[in-house]
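Below: one structure, written as structure tokens.
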There are 2 protein chains.
Amino acid sequence: MDWDQRLHARGYRVTPQRTLVLAAVNDLGHGTPEEILARVQVEAPKVNLSTVYRTLEVLEDVGLVTHAHLGHGSPTYHSVDDDVHIHLVCRTCDGIESIPVGVARDFLDALDREQGFSTDIGHMAIHGVCRTCREVARDD
Amino acid sequence: MDWDQRLHARGYRVTPQRTLVLAAVNDLGHGTPEEILARVQVEAPKVNLSTVYRTLEVLEDVGLVTHAHLGHGSPTYHSVDDDVHIHLVCRTCDGIESIPVGVARDFLDALDREQGFSTDIGHMAIHGVCRTCREVARDD
DNA sequence: GTATATGCAAAGGGTTTGCACGGTT
DNA sequence: AACCGTGCAAACCCTTTGCATATAC
């Protein structure tokens, strides 16, 4: 089913703003509401931030985008076309690495088996210290 | 080393507010800045929210408390006396389960081995759907 | 034509900051 | 006595909301 049909199917209207926001997320791969707005405003300068928020909510509702919390700030919206990935955020340098979900497979299976919990591993970042910063710390 | 010595050792002063905030975190086990303030104000009604924020920052700096992000709202501060635990947050009912880190051991080892990443698994909650909500969903 | 979507501006929640006063060292 | 910590109020960032207008259906 095509993206505009997805909106229709749920009773939402297809508007230029929704088209542009979805295109922005797909182009960027991922971005915060502010970043998405900036992208949208290249073509349509009058679009408002509140429209971006409302639109992302709608697009998420119909399954065209998802969001993740990478740090203490704004969430990051992702195209659903991208593979789900785990975000590793370094406490020291604030760097972000994206890795495939494979490493977590056994862990997710265990949560399912032992807790009955179905995990959305892409939704929240995993915090810690990255290789580079650990090495720097060790050298001190 | 005792808690007041930890503060001194880092050049911080020991004040009634810091004493009360630390006691509140230890009493509550965990709590948001607002909840901690409420607890502190039972004994000292004039203490201000900004003092709680500044104090939690200091206490975290000297390693007397830690914080975790459980949802989209305020962070939760924890006593470091508590064992580190993983927070499972249900997307559907917003319920929170705390489980021991054991289940994640292999996963954390793999991140260390393969990515050089040292994970603080307690810092960010893991999102998904809990057993109860999955069963409800299945019955629909 | 009618209900939904939008832009704008204002309000809201949570957090941080500037400043003068007060308290710890 | 010197400096750090505090209370208070204002500022701040991000997000949501109310309302009148515009637009997709």
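Scheme for the structure tokens: letters A, B, ... for chains in order shown; per-chain residue numbers from 1; ligand numbers from 1 in order shown.
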Counting only C-alpha atoms (C1' of nucleotides), what are the residues of chain C within 9 Å of chain B, and for each of them which pair of atoms is the nearest and at what distance in Å, to one decimal? Sort the table by chain and rising number, as a Markdown table.
| residue | atom | partner | partner_atom | distance |
| --- | --- | --- | --- | --- |
| C:DG14 | C1' | B:Ser74 | CA | 7.1 |
| C:DT15 | C1' | B:Tyr53 | CA | 8.2 |
| C:DT16 | C1' | B:Ser50 | CA | 8.2 |
| C:DG23 | C1' | B:Thr15 | CA | 8.5 |
| C:DT24 | C1' | B:Arg13 | CA | 6.6 |
| C:DT25 | C1' | B:Arg13 | CA | 7.9 |
Write the selection just made, keeping N, CA and C atoms (P, O5', C5', C4', C3', O3' and C1' of nucleotides), as an mmCIF file, in the first residue's frame?
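Dumped everything to out30.cif:
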data_model
loop_
_atom_site.group_PDB
_atom_site.id
_atom_site.type_symbol
_atom_site.label_atom_id
_atom_site.label_comp_id
_atom_site.auth_asym_id
_atom_site.auth_seq_id
_atom_site.Cartn_x
_atom_site.Cartn_y
_atom_site.Cartn_z
ATOM 1 P P DG C 14 6.249 18.470 34.242
ATOM 2 O "O5'" DG C 14 7.767 18.784 33.848
ATOM 3 C "C5'" DG C 14 8.313 18.141 32.703
ATOM 4 C "C4'" DG C 14 9.673 18.726 32.422
ATOM 5 C "C3'" DG C 14 10.620 18.695 33.620
ATOM 6 O "O3'" DG C 14 11.850 18.142 33.185
ATOM 7 C "C1'" DG C 14 10.543 20.858 32.684
ATOM 8 P P DT C 15 13.071 17.952 34.208
ATOM 9 O "O5'" DT C 15 13.977 19.226 33.930
ATOM 10 C "C5'" DT C 15 14.529 19.381 32.625
ATOM 11 C "C4'" DT C 15 15.274 20.692 32.544
ATOM 12 C "C3'" DT C 15 16.371 20.867 33.598
ATOM 13 O "O3'" DT C 15 17.613 20.901 32.897
ATOM 14 C "C1'" DT C 15 15.074 22.846 33.328
ATOM 15 P P DT C 16 18.974 21.245 33.658
ATOM 16 O "O5'" DT C 16 19.107 22.817 33.438
ATOM 17 C "C5'" DT C 16 19.013 23.328 32.119
ATOM 18 C "C4'" DT C 16 19.232 24.833 32.147
ATOM 19 C "C3'" DT C 16 20.474 25.283 32.940
ATOM 20 O "O3'" DT C 16 21.192 26.161 32.091
ATOM 21 C "C1'" DT C 16 18.562 26.462 33.669
ATOM 22 P P DG C 23 21.492 32.319 56.967
ATOM 23 O "O5'" DG C 23 22.615 31.314 56.442
ATOM 24 C "C5'" DG C 23 22.265 30.296 55.510
ATOM 25 C "C4'" DG C 23 23.496 29.450 55.251
ATOM 26 C "C3'" DG C 23 24.181 28.957 56.520
ATOM 27 O "O3'" DG C 23 24.606 27.636 56.253
ATOM 28 C "C1'" DG C 23 25.697 30.268 55.263
ATOM 29 P P DT C 24 25.284 26.778 57.356
ATOM 30 O "O5'" DT C 24 26.682 26.457 56.666
ATOM 31 C "C5'" DT C 24 26.678 25.822 55.392
ATOM 32 C "C4'" DT C 24 28.109 25.697 54.895
ATOM 33 C "C3'" DT C 24 29.050 24.983 55.859
ATOM 34 O "O3'" DT C 24 29.828 24.057 55.106
ATOM 35 C "C1'" DT C 24 29.902 27.149 55.349
ATOM 36 P P DT C 25 30.833 23.065 55.830
ATOM 37 O "O5'" DT C 25 32.216 23.848 55.740
ATOM 38 C "C5'" DT C 25 32.783 24.059 54.442
ATOM 39 C "C4'" DT C 25 33.968 25.011 54.549
ATOM 40 C "C3'" DT C 25 35.013 24.579 55.573
ATOM 41 O "O3'" DT C 25 36.222 24.280 54.890
ATOM 42 C "C1'" DT C 25 34.555 26.913 55.707
#
Test item, alpha helix (DSSP H) assignment across segment 7-131 of chain A, answer as a PyMOL selection string: chain A and resi 7-9+16-28+33-43+49-61+105-115+131
Per residue of chain D within 8 Å of chain A, which atom pair is closest and at what distance in Å (one decimal), using only C-alpha atoms (C1' of nucleotides), listed by chain and increasing number, as a Markdown table?
| residue | atom | partner | partner_atom | distance |
| --- | --- | --- | --- | --- |
| D:DC14 | C1' | A:Ser74 | CA | 7.2 |
| D:DA24 | C1' | A:Arg13 | CA | 6.4 |
| D:DC25 | C1' | A:Arg13 | CA | 7.9 |
Could those selected residues go to a file with N, CA, C and O atoms (P, O5', C5', C4', C3', O3' and C1' of nucleotides), as a PDB file, in the first residue's frame?
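Contents of again.pdb, freshly written:
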ATOM      1  P    DC D  14      15.603  23.006  21.843  1.00  0.00           P
ATOM      2  O5'  DC D  14      14.236  22.228  22.099  1.00  0.00           O
ATOM      3  C5'  DC D  14      14.234  21.170  23.053  1.00  0.00           C
ATOM      4  C4'  DC D  14      12.803  20.801  23.340  1.00  0.00           C
ATOM      5  C3'  DC D  14      11.999  20.386  22.115  1.00  0.00           C
ATOM      6  O3'  DC D  14      11.488  19.096  22.371  1.00  0.00           O
ATOM      7  C1'  DC D  14      10.790  21.920  23.453  1.00  0.00           C
ATOM      8  P    DA D  24      -5.566  21.414  -0.721  1.00  0.00           P
ATOM      9  O5'  DA D  24      -6.019  19.910  -0.460  1.00  0.00           O
ATOM     10  C5'  DA D  24      -5.631  19.311   0.756  1.00  0.00           C
ATOM     11  C4'  DA D  24      -6.638  18.228   1.136  1.00  0.00           C
ATOM     12  C3'  DA D  24      -6.985  17.274   0.005  1.00  0.00           C
ATOM     13  O3'  DA D  24      -7.029  15.951   0.546  1.00  0.00           O
ATOM     14  C1'  DA D  24      -8.967  18.361   0.792  1.00  0.00           C
ATOM     15  P    DC D  25      -7.263  14.695  -0.409  1.00  0.00           P
ATOM     16  O5'  DC D  25      -8.831  14.519  -0.347  1.00  0.00           O
ATOM     17  C5'  DC D  25      -9.412  14.028   0.860  1.00  0.00           C
ATOM     18  C4'  DC D  25     -10.902  14.163   0.791  1.00  0.00           C
ATOM     19  C3'  DC D  25     -11.555  13.478  -0.407  1.00  0.00           C
ATOM     20  O3'  DC D  25     -12.022  12.200   0.013  1.00  0.00           O
ATOM     21  C1'  DC D  25     -12.558  15.599   0.103  1.00  0.00           C
TER      22       DC D  25
END
Secondary structure check, strand (DSSP E or B) residues of segment 55-95 of chain B, as a list in words: Val65, Thr66, His67, Ala68, His69, Thr76, Tyr77, His78, Ser79, His85, Ile86, His87, Leu88, Val89 and Cys90 of chain B
Set out as a Markdown table a contact list for chain B and chain A with a cut-off of 12 Å, giving each residue of chain B that qualifies its closest atom pair and distance in Å to one decimal, counting only C-alpha atoms, ordered by chain and rising residue number.
| residue | atom | partner | partner_atom | distance |
| --- | --- | --- | --- | --- |
| B:His67 | CA | A:His72 | CA | 11.8 |
| B:Ala68 | CA | A:His127 | CA | 10.1 |
| B:His69 | CA | A:His72 | CA | 8.5 |
| B:Leu70 | CA | A:Met124 | CA | 9.5 |
| B:Gly71 | CA | A:Met124 | CA | 9.3 |
| B:His72 | CA | A:His69 | CA | 8.5 |
| B:Gly73 | CA | A:His72 | CA | 10.1 |
| B:Ser74 | CA | A:His72 | CA | 9.9 |
| B:Pro75 | CA | A:His72 | CA | 9.3 |
| B:Ile86 | CA | A:Leu111 | CA | 11.0 |
| B:His87 | CA | A:Met124 | CA | 11.5 |
| B:Leu88 | CA | A:Phe117 | CA | 8.1 |
| B:Val89 | CA | A:Thr119 | CA | 9.3 |
| B:Cys90 | CA | A:Phe117 | CA | 8.4 |
| B:Arg91 | CA | A:Asp120 | CA | 9.3 |
| B:Thr92 | CA | A:Ser118 | CA | 11.3 |
| B:Gly95 | CA | A:Phe117 | CA | 11.7 |
| B:Ile96 | CA | A:Phe117 | CA | 11.3 |
| B:Glu97 | CA | A:Gln115 | CA | 9.4 |
| B:Ser98 | CA | A:Gln115 | CA | 10.6 |
| B:Ile99 | CA | A:Gln115 | CA | 9.0 |
| B:Pro100 | CA | A:Leu111 | CA | 11.4 |
| B:Val101 | CA | A:Phe107 | CA | 10.9 |
| B:Gly102 | CA | A:Phe107 | CA | 10.1 |
| B:Val103 | CA | A:Phe107 | CA | 6.7 |
| B:Ala104 | CA | A:Phe107 | CA | 5.9 |
| B:Arg105 | CA | A:Phe107 | CA | 8.5 |
| B:Asp106 | CA | A:Phe107 | CA | 7.5 |
| B:Phe107 | CA | A:Ala104 | CA | 5.9 |
| B:Leu108 | CA | A:Ala104 | CA | 8.9 |
| B:Asp109 | CA | A:Val103 | CA | 10.0 |
| B:Ala110 | CA | A:Val103 | CA | 6.8 |
| B:Leu111 | CA | A:Val103 | CA | 7.5 |
| B:Asp112 | CA | A:Arg131 | CA | 8.5 |
| B:Arg113 | CA | A:Arg131 | CA | 10.1 |
| B:Glu114 | CA | A:Val103 | CA | 8.9 |
| B:Gln115 | CA | A:Arg131 | CA | 7.0 |
| B:Gly116 | CA | A:Arg131 | CA | 4.5 |
| B:Phe117 | CA | A:Cys130 | CA | 4.7 |
| B:Ser118 | CA | A:Val129 | CA | 5.1 |
| B:Thr119 | CA | A:Gly128 | CA | 4.2 |
| B:Asp120 | CA | A:Gly128 | CA | 4.8 |
| B:Ile121 | CA | A:Ile126 | CA | 6.8 |
| B:Gly122 | CA | A:His127 | CA | 8.6 |
| B:His123 | CA | A:His127 | CA | 6.5 |
| B:Met124 | CA | A:Ile126 | CA | 6.4 |
| B:Ala125 | CA | A:Met124 | CA | 6.9 |
| B:Ile126 | CA | A:Met124 | CA | 6.4 |
| B:His127 | CA | A:Asp120 | CA | 5.5 |
| B:Gly128 | CA | A:Thr119 | CA | 4.2 |
| B:Val129 | CA | A:Ser118 | CA | 5.1 |
| B:Cys130 | CA | A:Phe117 | CA | 4.6 |
| B:Arg131 | CA | A:Gly116 | CA | 4.5 |
| B:Thr132 | CA | A:Gly116 | CA | 8.2 |
| B:Cys133 | CA | A:Phe117 | CA | 9.4 |
| B:Arg134 | CA | A:Ser118 | CA | 8.0 |
| B:Glu135 | CA | A:Gly116 | CA | 9.5 |
